[in-house]
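Pasted below: query_29.txt, compact mmCIF, C-alpha atoms and all ligand atoms.
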```
# COMPACT_ATOMS: atom_id res chain seq x y z
CA MET V 1 36.89 10.36 12.55
CA VAL V 2 37.32 14.10 13.05
CA SER V 3 37.16 14.85 16.77
CA GLY V 4 33.83 15.93 18.15
CA LEU V 5 35.35 19.06 19.70
CA LYS V 6 36.69 20.38 16.48
CA TRP V 7 33.34 19.77 14.95
CA SER V 8 31.40 21.60 17.68
CA ASN V 9 33.56 24.69 17.14
CA GLN V 10 32.78 24.60 13.52
CA VAL V 11 29.03 24.46 14.03
CA ALA V 12 29.13 27.16 16.69
CA ASN V 13 29.47 29.66 13.87
CA GLU V 14 26.18 28.62 12.39
CA THR V 15 23.04 30.10 13.79
CA GLN V 16 21.38 26.90 14.97
CA ILE V 17 22.42 23.32 15.30
CA MET V 18 20.43 20.14 15.13
CA THR V 19 21.23 16.63 16.29
CA VAL V 20 21.06 13.88 13.73
CA SER V 21 21.24 10.27 14.75
CA ILE V 22 22.70 8.05 12.03
CA TRP V 23 22.95 4.27 11.90
CA ARG V 24 26.57 3.12 11.63
CA GLU V 25 28.10 -0.17 10.59
CA SER V 26 25.98 -3.32 10.37
CA GLY V 27 25.18 -6.56 12.17
CA ASP V 28 26.48 -6.84 15.71
CA ASP V 29 28.45 -3.58 15.39
CA GLY V 30 25.35 -1.70 14.28
CA ARG V 31 24.37 1.29 16.42
CA PHE V 32 23.11 4.86 16.17
CA GLU V 33 25.62 7.67 16.48
CA GLU V 34 24.79 11.30 17.01
CA TYR V 35 26.16 14.18 14.99
CA GLU V 36 25.59 17.89 15.27
CA VAL V 37 24.82 19.62 12.03
CA PRO V 38 23.65 23.09 11.10
CA ALA V 39 19.87 23.43 11.14
CA ARG V 40 19.36 25.21 7.87
CA GLU V 41 16.04 26.46 6.74
CA ASN V 42 16.16 24.70 3.45
CA GLN V 43 17.87 21.34 3.37
CA THR V 44 17.03 17.77 2.51
CA VAL V 45 17.78 14.69 4.56
CA LEU V 46 20.35 13.75 1.92
CA ASP V 47 22.02 17.15 2.40
CA VAL V 48 22.37 16.38 6.11
CA VAL V 49 23.83 12.94 5.46
CA ALA V 50 26.23 14.39 2.89
CA TYR V 51 27.22 17.11 5.36
CA VAL V 52 28.14 14.52 7.98
CA GLN V 53 30.17 12.55 5.46
CA GLN V 54 31.94 15.62 4.06
CA HIS V 55 32.61 17.48 7.31
CA ILE V 56 32.56 15.04 10.20
CA ASP V 57 33.23 11.44 9.22
CA PRO V 58 34.35 10.65 5.67
CA THR V 59 33.87 6.91 6.32
CA LEU V 60 30.07 7.24 6.39
CA SER V 61 28.64 5.08 3.60
CA TYR V 62 25.42 5.91 1.80
CA ARG V 63 24.07 5.82 -1.72
CA PHE V 64 22.76 8.51 -4.02
CA ALA V 65 23.13 9.60 -7.61
CA CYS V 66 20.74 12.08 -9.21
CA ARG V 67 19.63 14.20 -6.22
CA VAL V 68 16.45 15.09 -8.05
CA GLY V 69 14.18 12.11 -7.43
CA MET V 70 14.87 10.23 -10.63
CA CYS V 71 17.30 7.43 -9.90
CA GLY V 72 15.79 5.85 -6.78
CA SER V 73 19.10 5.18 -5.05
CA CYS V 74 18.87 7.43 -1.98
CA ALA V 75 16.02 5.83 -0.01
CA MET V 76 16.55 5.49 3.76
CA MET V 77 14.47 5.25 6.92
CA VAL V 78 13.93 8.77 8.23
CA ASN V 79 12.47 8.99 11.74
CA GLY V 80 11.16 5.47 11.22
CA SER V 81 9.55 5.98 7.79
CA PRO V 82 10.96 5.10 4.37
CA ARG V 83 11.73 8.23 2.32
CA TRP V 84 13.58 9.31 -0.81
CA THR V 85 16.06 11.44 1.06
CA CYS V 86 17.05 13.75 -1.80
CA ARG V 87 13.48 15.03 -2.04
CA THR V 88 12.59 14.96 1.65
CA HIS V 89 12.96 18.29 3.38
CA VAL V 90 14.22 18.06 6.93
CA SER V 91 11.64 20.61 8.07
CA LYS V 92 8.84 18.28 6.94
CA VAL V 93 10.00 15.24 8.90
CA VAL V 94 12.00 16.52 11.86
CA ALA V 95 10.37 15.70 15.22
CA ASP V 96 11.36 17.63 18.38
CA ASP V 97 14.50 18.84 16.60
CA GLN V 98 15.48 15.20 16.24
CA LEU V 99 16.32 13.44 13.02
CA GLU V 100 17.07 9.73 12.88
CA VAL V 101 18.42 8.24 9.67
CA ALA V 102 18.74 4.49 9.22
CA PRO V 103 19.22 2.07 6.32
CA LEU V 104 16.14 0.99 4.41
CA ARG V 105 14.03 -1.62 6.20
CA ASN V 106 13.57 -5.20 4.92
CA LEU V 107 16.96 -5.29 3.16
CA PRO V 108 20.37 -6.54 4.34
CA VAL V 109 22.67 -3.72 5.43
CA ILE V 110 26.07 -3.58 3.76
CA LYS V 111 27.42 -0.77 5.90
CA ASP V 112 25.95 2.31 7.55
CA LEU V 113 23.13 3.59 5.33
CA ALA V 114 23.89 1.44 2.29
CA THR V 115 21.66 -1.62 1.86
CA ASP V 116 22.13 -4.58 -0.42
CA MET V 117 19.45 -4.21 -3.10
CA ASP V 118 20.03 -7.66 -4.63
CA PRO V 119 17.07 -9.41 -2.94
CA PHE V 120 14.83 -6.56 -4.09
CA PHE V 121 15.80 -6.93 -7.75
CA GLU V 122 15.98 -10.72 -7.66
CA LYS V 123 12.30 -10.61 -6.79
CA TRP V 124 11.59 -8.46 -9.85
CA VAL V 125 12.94 -11.31 -11.95
CA ALA V 126 11.05 -13.93 -9.91
CA ALA V 127 7.80 -11.95 -10.40
CA GLU V 128 8.44 -11.89 -14.18
CA ALA V 129 8.69 -8.12 -14.04
CA VAL V 130 10.87 -8.40 -17.13
CA PHE V 131 9.92 -7.73 -20.72
CA HIS V 132 9.56 -10.68 -23.10
CA PRO V 133 9.90 -9.30 -26.61
CA SER V 134 7.54 -10.68 -29.22
CA LYS V 135 8.84 -8.91 -32.31
CA THR V 136 12.03 -8.11 -34.11
CA ARG V 137 13.22 -4.77 -35.40
CA HIS V 138 11.93 -5.75 -38.83
CA ASP V 139 8.33 -6.00 -37.66
CA PRO V 140 6.15 -2.90 -37.73
CA MET V 141 5.68 -1.04 -34.44
CA ALA V 142 2.70 -2.03 -32.35
CA ALA V 143 -0.07 0.51 -32.62
CA ILE V 144 -1.23 1.41 -29.11
CA THR V 145 -3.56 4.35 -28.72
CA PRO V 146 -3.29 6.56 -25.61
CA ASP V 147 -6.92 5.84 -24.70
CA ASP V 148 -6.51 2.05 -24.85
CA PRO V 149 -7.64 0.74 -21.40
CA MET V 150 -4.55 -1.46 -21.14
CA ARG V 151 -2.30 1.44 -22.02
CA ILE V 152 -4.02 3.53 -19.33
CA ALA V 153 -3.58 0.78 -16.73
CA ALA V 154 0.10 0.41 -17.67
CA SER V 155 0.65 4.17 -17.55
CA GLU V 156 -0.76 4.42 -14.04
CA ALA V 157 1.86 2.00 -12.76
CA ILE V 158 4.80 2.91 -14.93
CA GLU V 159 6.57 5.81 -13.21
CA CYS V 160 8.46 3.60 -10.74
CA ILE V 161 12.02 4.64 -9.93
CA ASN V 162 12.94 1.34 -8.19
CA CYS V 163 13.65 3.11 -4.92
CA ALA V 164 12.34 0.25 -2.70
CA VAL V 165 10.51 2.70 -0.42
CA CYS V 166 7.35 0.63 -0.81
CA TYR V 167 9.33 -2.56 -0.19
CA ALA V 168 10.56 -1.10 3.10
CA ALA V 169 7.03 -0.01 4.03
CA CYS V 170 5.46 -3.42 3.43
CA ASP V 171 4.79 -5.49 6.56
CA VAL V 172 4.18 -8.63 4.54
CA VAL V 173 7.69 -8.37 3.09
CA GLU V 174 8.96 -8.14 6.66
CA SER V 175 7.17 -11.25 7.86
CA ASN V 176 7.41 -13.28 4.66
CA PRO V 177 10.87 -13.20 3.08
CA ASP V 178 9.53 -14.97 -0.02
CA TYR V 179 7.00 -12.27 -0.85
CA PHE V 180 7.95 -10.42 -4.05
CA GLY V 181 6.73 -7.12 -2.64
CA PRO V 182 4.84 -4.15 -4.09
CA ALA V 183 7.42 -2.80 -6.56
CA ALA V 184 8.07 -6.08 -8.40
CA LEU V 185 4.37 -6.89 -8.61
CA ASN V 186 3.56 -3.36 -9.70
CA ARG V 187 6.01 -3.66 -12.61
CA SER V 188 4.68 -7.10 -13.47
CA TRP V 189 1.21 -5.55 -13.67
CA SER V 190 2.31 -2.81 -16.05
CA LEU V 191 3.91 -5.46 -18.29
CA LEU V 192 0.77 -7.60 -18.12
CA ASN V 193 -0.92 -4.65 -19.79
CA ASP V 194 1.67 -4.47 -22.56
CA ILE V 195 0.33 -6.15 -25.69
CA ARG V 196 3.86 -6.42 -27.10
CA ASP V 197 4.92 -8.77 -24.30
CA ALA V 198 5.01 -12.46 -25.17
CA GLY V 199 5.43 -13.83 -21.64
CA GLN V 200 1.97 -13.40 -20.13
CA ASP V 201 1.45 -17.08 -19.24
CA VAL V 202 4.73 -17.40 -17.35
CA ARG V 203 4.04 -14.02 -15.76
CA LEU V 204 0.60 -15.08 -14.48
CA ALA V 205 2.10 -18.32 -13.15
CA ALA V 206 4.86 -16.37 -11.40
CA VAL V 207 2.63 -13.77 -9.76
CA GLY V 208 0.22 -16.54 -8.70
CA SER V 209 2.97 -18.59 -7.06
CA ASN V 210 3.92 -18.86 -3.40
CA GLY V 211 5.66 -15.48 -3.18
CA GLY V 212 3.09 -13.79 -5.39
CA CYS V 213 0.24 -11.30 -5.31
CA HIS V 214 -2.11 -13.35 -3.14
CA ASN V 215 0.02 -12.64 -0.08
CA CYS V 216 -0.84 -8.94 -0.19
CA HIS V 217 -3.09 -7.77 2.67
CA SER V 218 -4.21 -4.68 0.71
CA GLN V 219 -3.51 -2.35 3.63
CA GLN V 220 -1.67 0.08 1.38
CA GLY V 221 1.48 0.83 3.33
CA CYS V 222 3.17 0.92 -0.07
CA VAL V 223 0.71 3.48 -1.40
CA GLN V 224 1.17 5.64 1.67
CA TYR V 225 4.91 6.01 1.11
CA CYS V 226 5.57 5.67 -2.64
CA PRO V 227 7.25 8.99 -3.46
CA ASN V 228 5.86 8.91 -6.98
CA GLU V 229 2.34 8.43 -5.71
CA LEU V 230 1.92 5.11 -7.45
CA ASN V 231 -0.65 2.62 -6.23
CA PRO V 232 0.97 -0.84 -6.06
CA THR V 233 -2.04 -2.13 -4.08
CA LEU V 234 -4.28 -1.42 -7.06
CA SER V 235 -1.81 -3.12 -9.41
CA ILE V 236 -1.71 -6.15 -7.12
CA ALA V 237 -5.52 -6.23 -7.01
CA GLY V 238 -5.38 -6.33 -10.82
CA LEU V 239 -2.98 -9.27 -10.67
CA LYS V 240 -5.27 -11.11 -8.24
CA ARG V 241 -8.16 -10.57 -10.63
CA GLU V 242 -6.23 -11.69 -13.72
CA THR V 243 -4.75 -14.79 -12.06
CA THR V 244 -8.26 -15.77 -10.97
CA LYS V 245 -9.62 -15.26 -14.48
CA ALA V 246 -6.76 -17.32 -15.91
CA LEU V 247 -7.66 -20.14 -13.52
CA PHE V 248 -11.17 -20.32 -14.95
CA ARG V 249 -9.82 -20.08 -18.51
CA ARG V 250 -7.56 -23.04 -17.82
CA SER V 251 -10.26 -25.19 -16.31
CA ARG V 252 -12.60 -24.65 -19.25
CA MET D 1 2.92 -18.77 1.34
CA LEU D 2 -0.55 -18.06 0.05
CA ASP D 3 -0.68 -19.31 -3.52
CA LEU D 4 -3.54 -19.01 -5.96
CA ARG D 5 -5.11 -22.30 -4.85
CA LEU D 6 -5.40 -21.43 -1.16
CA TYR D 7 -6.42 -17.87 -2.00
CA MET D 8 -9.28 -19.12 -4.18
CA LEU D 9 -10.36 -21.64 -1.56
CA GLN D 10 -10.52 -18.90 1.04
CA ARG D 11 -12.50 -16.56 -1.23
CA LEU D 12 -14.86 -19.38 -2.19
CA THR D 13 -15.58 -20.36 1.41
CA ALA D 14 -16.17 -16.71 2.28
CA LEU D 15 -18.70 -16.59 -0.53
CA ILE D 16 -20.47 -19.63 0.93
CA MET D 17 -20.41 -18.32 4.49
CA ALA D 18 -21.80 -14.85 3.81
CA PRO D 19 -25.37 -15.83 2.84
CA LEU D 20 -25.43 -18.59 5.46
CA VAL D 21 -24.51 -16.17 8.26
CA ILE D 22 -27.16 -13.72 7.09
CA GLY D 23 -29.69 -16.56 6.85
CA HIS D 24 -28.79 -17.79 10.33
CA ILE D 25 -29.17 -14.36 11.91
CA ALA D 26 -32.36 -13.54 10.00
CA VAL D 27 -34.04 -16.79 11.02
CA MET D 28 -32.90 -16.33 14.61
CA ILE D 29 -34.35 -12.81 14.86
CA TYR D 30 -37.55 -13.94 13.20
CA ALA D 31 -37.94 -17.09 15.28
CA VAL D 32 -37.33 -15.66 18.75
CA GLN D 33 -39.78 -12.80 18.43
CA ASP D 34 -42.36 -14.35 20.72
CA GLY D 35 -39.82 -16.27 22.80
CA LEU D 36 -38.59 -19.68 21.82
CA THR D 37 -37.51 -22.75 23.75
CA VAL D 38 -34.75 -25.23 23.03
CA GLY D 39 -37.41 -27.85 22.56
CA GLU D 40 -39.15 -25.85 19.87
CA ILE D 41 -35.91 -25.23 17.97
CA LEU D 42 -34.87 -28.86 18.06
CA ALA D 43 -38.33 -29.96 17.02
CA ARG D 44 -37.85 -28.02 13.78
CA THR D 45 -34.22 -28.84 13.07
CA GLN D 46 -33.95 -32.48 14.08
CA GLY D 47 -34.61 -34.72 11.18
CA SER D 48 -34.55 -31.83 8.72
CA VAL D 49 -32.36 -32.43 5.68
CA ALA D 50 -32.53 -28.75 4.79
CA TRP D 51 -31.11 -27.60 8.13
CA PHE D 52 -28.49 -30.34 8.00
CA LEU D 53 -27.31 -29.08 4.62
CA PHE D 54 -27.51 -25.45 5.78
CA TYR D 55 -25.37 -25.85 8.89
CA GLY D 56 -23.34 -28.72 7.43
CA SER D 57 -22.03 -26.63 4.56
CA PHE D 58 -21.45 -23.74 6.95
CA VAL D 59 -19.25 -25.93 9.15
CA VAL D 60 -17.22 -27.17 6.17
CA ALA D 61 -16.75 -23.61 4.88
CA VAL D 62 -15.74 -22.27 8.30
CA SER D 63 -13.23 -25.06 8.89
CA VAL D 64 -11.49 -24.48 5.55
CA HIS D 65 -11.66 -20.68 5.78
CA GLY D 66 -10.44 -20.52 9.38
CA ALA D 67 -7.63 -23.00 8.81
CA ILE D 68 -6.25 -21.02 5.86
CA GLY D 69 -6.53 -17.73 7.74
CA LEU D 70 -4.78 -19.04 10.86
CA ARG D 71 -2.16 -20.65 8.63
CA VAL D 72 -1.20 -17.24 7.27
CA ILE D 73 -1.19 -15.63 10.72
CA SER D 74 0.90 -18.38 12.30
CA PHE D 75 3.40 -18.10 9.45
CA GLU D 76 3.65 -14.32 9.36
CA TRP D 77 3.55 -13.70 13.09
CA PHE D 78 5.05 -16.79 14.66
CA GLY D 79 7.29 -18.03 11.85
CA LEU D 80 5.74 -21.48 11.62
CA LYS D 81 7.01 -23.19 8.47
CA GLY D 82 7.08 -26.39 6.44
CA ARG D 83 5.75 -29.50 8.11
CA ALA D 84 4.86 -27.78 11.36
CA LEU D 85 2.78 -25.25 9.45
CA GLN D 86 1.10 -28.03 7.46
CA LEU D 87 0.27 -29.97 10.62
CA PHE D 88 -0.98 -26.87 12.40
CA SER D 89 -3.31 -25.96 9.49
CA TRP D 90 -4.76 -29.46 9.32
CA ALA D 91 -5.18 -29.56 13.11
CA ILE D 92 -7.14 -26.29 13.03
CA PHE D 93 -9.26 -27.67 10.24
CA ALA D 94 -9.89 -30.90 12.16
CA LEU D 95 -10.72 -29.04 15.37
CA LEU D 96 -13.19 -26.65 13.73
CA PHE D 97 -14.71 -29.41 11.65
CA GLY D 98 -14.96 -31.77 14.65
CA LEU D 99 -16.65 -29.22 16.90
CA GLY D 100 -18.94 -28.04 14.11
CA ALA D 101 -19.89 -31.55 13.02
CA LYS D 102 -20.72 -32.45 16.62
CA ALA D 103 -23.04 -29.46 16.89
CA VAL D 104 -24.69 -30.13 13.53
CA TYR D 105 -25.20 -33.75 14.54
CA ALA D 106 -26.77 -32.74 17.83
CA VAL D 107 -29.10 -30.20 16.24
CA THR D 108 -30.20 -32.09 13.15
CA PHE D 109 -29.72 -35.81 13.88
CA ALA D 110 -29.68 -36.85 17.52
CA GLY D 111 -33.09 -37.95 18.71
CA GLY D 112 -34.58 -37.07 15.37
CA GLY D 113 -35.79 -39.46 12.74
CA LEU D 114 -33.47 -38.69 9.81
S1 LIG U 1 -0.86 -3.29 0.20
FE1 LIG U 1 0.19 -5.24 -0.18
S2 LIG U 1 2.13 -4.71 -1.15
FE2 LIG U 1 1.30 -2.81 -0.26
S3 LIG U 1 2.26 -2.68 1.76
FE3 LIG U 1 0.33 -3.76 2.06
S4 LIG U 1 0.81 -5.96 1.84
FE4 LIG U 1 2.56 -4.78 1.04
S1 LIG U 2 6.49 1.70 -6.56
FE1 LIG U 2 7.01 3.73 -5.72
S2 LIG U 2 7.98 3.29 -3.75
FE2 LIG U 2 7.96 1.39 -4.89
S3 LIG U 2 9.96 1.28 -5.89
FE3 LIG U 2 8.53 2.22 -7.34
S4 LIG U 2 8.68 4.41 -7.01
FE4 LIG U 2 9.65 3.43 -5.25
S1 LIG U 3 19.40 10.57 -5.38
FE1 LIG U 3 18.28 9.91 -7.11
S2 LIG U 3 16.27 9.67 -6.30
FE2 LIG U 3 17.35 10.52 -4.63
```

Could you quickly redo this structure as structure tokens?
Amino acid sequence: MVSGLKWSNQVANETQIMTVSIWRESGDDGRFEEYEVPARENQTVLDVVAYVQQHIDPTLSYRFACRVGMCGSCAMMVNGSPRWTCRTHVSKVVADDQLEVAPLRNLPVIKDLATDMDPFFEKWVAAEAVFHPSKTRHDPMAAITPDDPMRIAASEAIECINCAVCYAACDVVESNPDYFGPAALNRSWSLLNDIRDAGQDVRLAAVGSNGGCHNCHSQQGCVQYCPNELNPTLSIAGLKRETTKALFRRSR
Amino acid sequence: MLDLRLYMLQRLTALIMAPLVIGHIAVMIYAVQDGLTVGEILARTQGSVAWFLFYGSFVVAVSVHGAIGLRVISFEWFGLKGRALQLFSWAIFALLFGLGAKAVYAVTFAGGGL
């Protein structure tokens, strides 16, 4: 690590400095460390993290790719709330000149700010949030009009970037490790509204199982934080409704 | 944790309880308007099949509904799992059902001529 003194001299040339507290390491070694960075008028939380890694401690681990809110890889806890850091301006979230950046909640930490996303995506598979093709390339394309109610329902849920912000915001995920969580169920819902999908029965069974949609408390923590303004709670309500309907269909 | 079966059971019991609670409160407000004694209440309820069914089904619904609700809370908040969770849920059910059944018995059976 570059010595703190050298660093302070460097920042002294900037007009203003700001303290950022960043989670380092993982497990028993995990702790917050403070860094002084320039307080620029226009910078994102990801800019600050990158600054620390590029100018103070090159061993800082974190994840990002697109920097424009498309790839969903940069999510972290910022002052206690899950955020996509590449699109979160420091000025919007800084509190008393303090910024605290930690790895995403509800996921195992690999090191520093990088979490292990495996459990998150394993639950997508468990929730049948995967497409089951029903046609081959030789079949004609399915005709779906833009005003089809199912197409509209699917469209409302479709712009998910897999950032796991909602997963980190969900208290049920925290207390119930088996719960699939808002993102997986939201995707499952958009696929349930896809007439080309041939796996609706297994999907309904999956989302109605122990880790499924019926665990949701509908308190909308996911909605509050989803950076793409999706409404996983609404999607989950749709799944609850459809699993209930399927139950009556079966018993007839 | 909460699968479709338990979820449905909890919704169903809520559906049963709602009109019964409203009925209970409405009758209470109506009946006590000119003052009412324990004796007068019991005179109407004891031996009445209708009141037995009314409060009987309420007790069953409450026991199931409460047991499922507390099951979720004890799992999510206190990490109760597996057999312990199963036992706890059934114990809550038995407790609520026992207390409720005792009350229903006292109000609609005991001393009456059913
Ligand atoms: S509404 Fe459901 S999925 Fe969303 S945060 Fe709450 S419990 Fe989680
Ligand atoms: S639903 Fe929203 S918060 Fe959740 S993973 Fe998708 S984009 Fe991120
Ligand atoms: S880096 Fe791609 S969404 Fe933030």

Once you count all atoms listed in the file, what closest atom pair and distance in Å to one decimal does each residue of chain V within 12 Å of ligand LIG 2 (chain U) have, with rows by chain and rising residue number, as CSV?
```
residue,atom,partner,partner_atom,distance
V:Gly69,CA,U:LIG2,S4,9.5
V:Met70,CA,U:LIG2,S4,9.2
V:Cys71,CA,U:LIG2,S4,9.6
V:Gly72,CA,U:LIG2,FE4,6.8
V:Ser73,CA,U:LIG2,FE4,9.6
V:Cys74,CA,U:LIG2,FE4,10.6
V:Ala75,CA,U:LIG2,FE4,8.6
V:Met76,CA,U:LIG2,FE4,11.5
V:Ser81,CA,U:LIG2,S2,12.0
V:Pro82,CA,U:LIG2,S2,8.8
V:Arg83,CA,U:LIG2,S2,8.7
V:Trp84,CA,U:LIG2,FE4,8.4
V:Leu104,CA,U:LIG2,S2,11.8
V:Met117,CA,U:LIG2,S3,11.3
V:Phe120,CA,U:LIG2,S3,9.4
V:Phe121,CA,U:LIG2,S3,10.2
V:Trp124,CA,U:LIG2,S3,10.6
V:Glu156,CA,U:LIG2,S1,10.8
V:Ala157,CA,U:LIG2,S1,7.7
V:Ile158,CA,U:LIG2,FE3,8.5
V:Glu159,CA,U:LIG2,S4,6.7
V:Cys160,CA,U:LIG2,FE3,3.7
V:Ile161,CA,U:LIG2,S4,4.4
V:Asn162,CA,U:LIG2,S3,3.8
V:Cys163,CA,U:LIG2,FE4,4.0
V:Ala164,CA,U:LIG2,S3,4.1
V:Val165,CA,U:LIG2,S2,4.2
V:Cys166,CA,U:LIG2,S2,4.0
V:Tyr167,CA,U:LIG2,FE2,6.3
V:Ala168,CA,U:LIG2,S2,8.5
V:Ala169,CA,U:LIG2,S2,8.5
V:Cys170,CA,U:LIG2,FE2,9.9
V:Phe180,CA,U:LIG2,FE2,11.8
V:Gly181,CA,U:LIG2,FE2,8.9
V:Pro182,CA,U:LIG2,FE2,6.4
V:Ala183,CA,U:LIG2,FE2,4.5
V:Ala184,CA,U:LIG2,S3,8.0
V:Leu185,CA,U:LIG2,S1,9.1
V:Asn186,CA,U:LIG2,S1,6.6
V:Arg187,CA,U:LIG2,S1,8.1
V:Ser188,CA,U:LIG2,S1,11.3
V:Trp189,CA,U:LIG2,S1,11.4
V:Ser190,CA,U:LIG2,S1,11.3
V:Gln220,CA,U:LIG2,S2,11.4
V:Gly221,CA,U:LIG2,S2,9.9
V:Cys222,CA,U:LIG2,S2,6.5
V:Val223,CA,U:LIG2,S2,7.6
V:Gln224,CA,U:LIG2,S2,9.0
V:Tyr225,CA,U:LIG2,S2,6.4
V:Cys226,CA,U:LIG2,S2,3.6
V:Pro227,CA,U:LIG2,FE1,5.7
V:Asn228,CA,U:LIG2,S4,5.3
V:Glu229,CA,U:LIG2,FE1,6.6
V:Leu230,CA,U:LIG2,FE1,5.6
V:Asn231,CA,U:LIG2,S1,7.2
V:Pro232,CA,U:LIG2,S1,6.1
V:Thr233,CA,U:LIG2,S1,9.7
V:Leu234,CA,U:LIG2,S1,11.2
V:Ser235,CA,U:LIG2,S1,10.0
V:Ile236,CA,U:LIG2,S1,11.4
```

For ligand LIG 1 (chain U), which of V:Cys216, V:Val93, V:Val20, V:Ile152 is the closest residue, counting only C-alpha atoms and all ligand atoms?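 Between V:Cys216, V:Val93, V:Val20, V:Ile152, the residue approaching ligand LIG 1 (chain U) most closely is V:Cys216.
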
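With distances restricted to only C-alpha atoms, D:Phe93 is the closest residue to Ala67 (chain D) from D:Phe93, D:Phe109, D:Phe88, D:Trp51.
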
### Query
Between CA of Ser89 (chain D) and CA of Ala106 (chain D), what is the spacing in Å?
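Those two atoms sit 25.8 Å apart.
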
*Scan for residues within 7 Å of the point (2.8, -1.2, -24.2) in the coordinates of the file, using all atoms listed in the file, and reply as a PyMOL selection string.*
chain V and resi 144+151+193-196

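Across the model, the gap from CA of Ala50 (chain V) to CA of Phe64 (chain V) is 9.7 Å.
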
D:Ser48, D:Thr108, D:Ser74, D:Ser57: which is nearest Ala14 (chain D), counting all atoms listed in the file?
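Smallest distance to Ala14 (chain D) is found for D:Ser57.
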
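Taking CA of Trp77 (chain D) and CA of Ser175 (chain V) as endpoints, the distance between them is 6.8 Å.
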
Could you pull region 16-27 of chain D out of the structure just shown and give N, CA and C atoms as a compact mmCIF listing (two decimals), in the first residue's frame?
```txt
# COMPACT_ATOMS: atom_id res chain seq x y z
N ILE D 16 -62.05 -16.77 5.98
CA ILE D 16 -63.08 -17.23 6.91
C ILE D 16 -63.20 -16.27 8.09
N MET D 17 -62.03 -15.80 8.57
CA MET D 17 -62.05 -14.98 9.78
C MET D 17 -62.69 -13.61 9.56
N ALA D 18 -62.44 -13.03 8.40
CA ALA D 18 -62.87 -11.64 8.18
C ALA D 18 -64.37 -11.44 8.46
N PRO D 19 -65.27 -12.21 7.81
CA PRO D 19 -66.69 -11.97 8.09
C PRO D 19 -67.06 -12.33 9.52
N LEU D 20 -66.39 -13.33 10.09
CA LEU D 20 -66.73 -13.73 11.46
C LEU D 20 -66.37 -12.63 12.46
N VAL D 21 -65.21 -11.99 12.24
CA VAL D 21 -64.81 -10.89 13.13
C VAL D 21 -65.82 -9.75 13.03
N ILE D 22 -66.18 -9.41 11.78
CA ILE D 22 -67.14 -8.32 11.58
C ILE D 22 -68.48 -8.70 12.24
N GLY D 23 -68.90 -9.95 12.04
CA GLY D 23 -70.15 -10.41 12.65
C GLY D 23 -70.09 -10.32 14.17
N HIS D 24 -68.98 -10.75 14.74
CA HIS D 24 -68.80 -10.74 16.19
C HIS D 24 -68.92 -9.30 16.73
N ILE D 25 -68.21 -8.40 16.09
CA ILE D 25 -68.20 -7.01 16.57
C ILE D 25 -69.58 -6.37 16.38
N ALA D 26 -70.19 -6.63 15.22
CA ALA D 26 -71.50 -6.04 14.94
C ALA D 26 -72.54 -6.51 15.97
N VAL D 27 -72.55 -7.80 16.24
CA VAL D 27 -73.52 -8.33 17.20
C VAL D 27 -73.25 -7.76 18.59
```
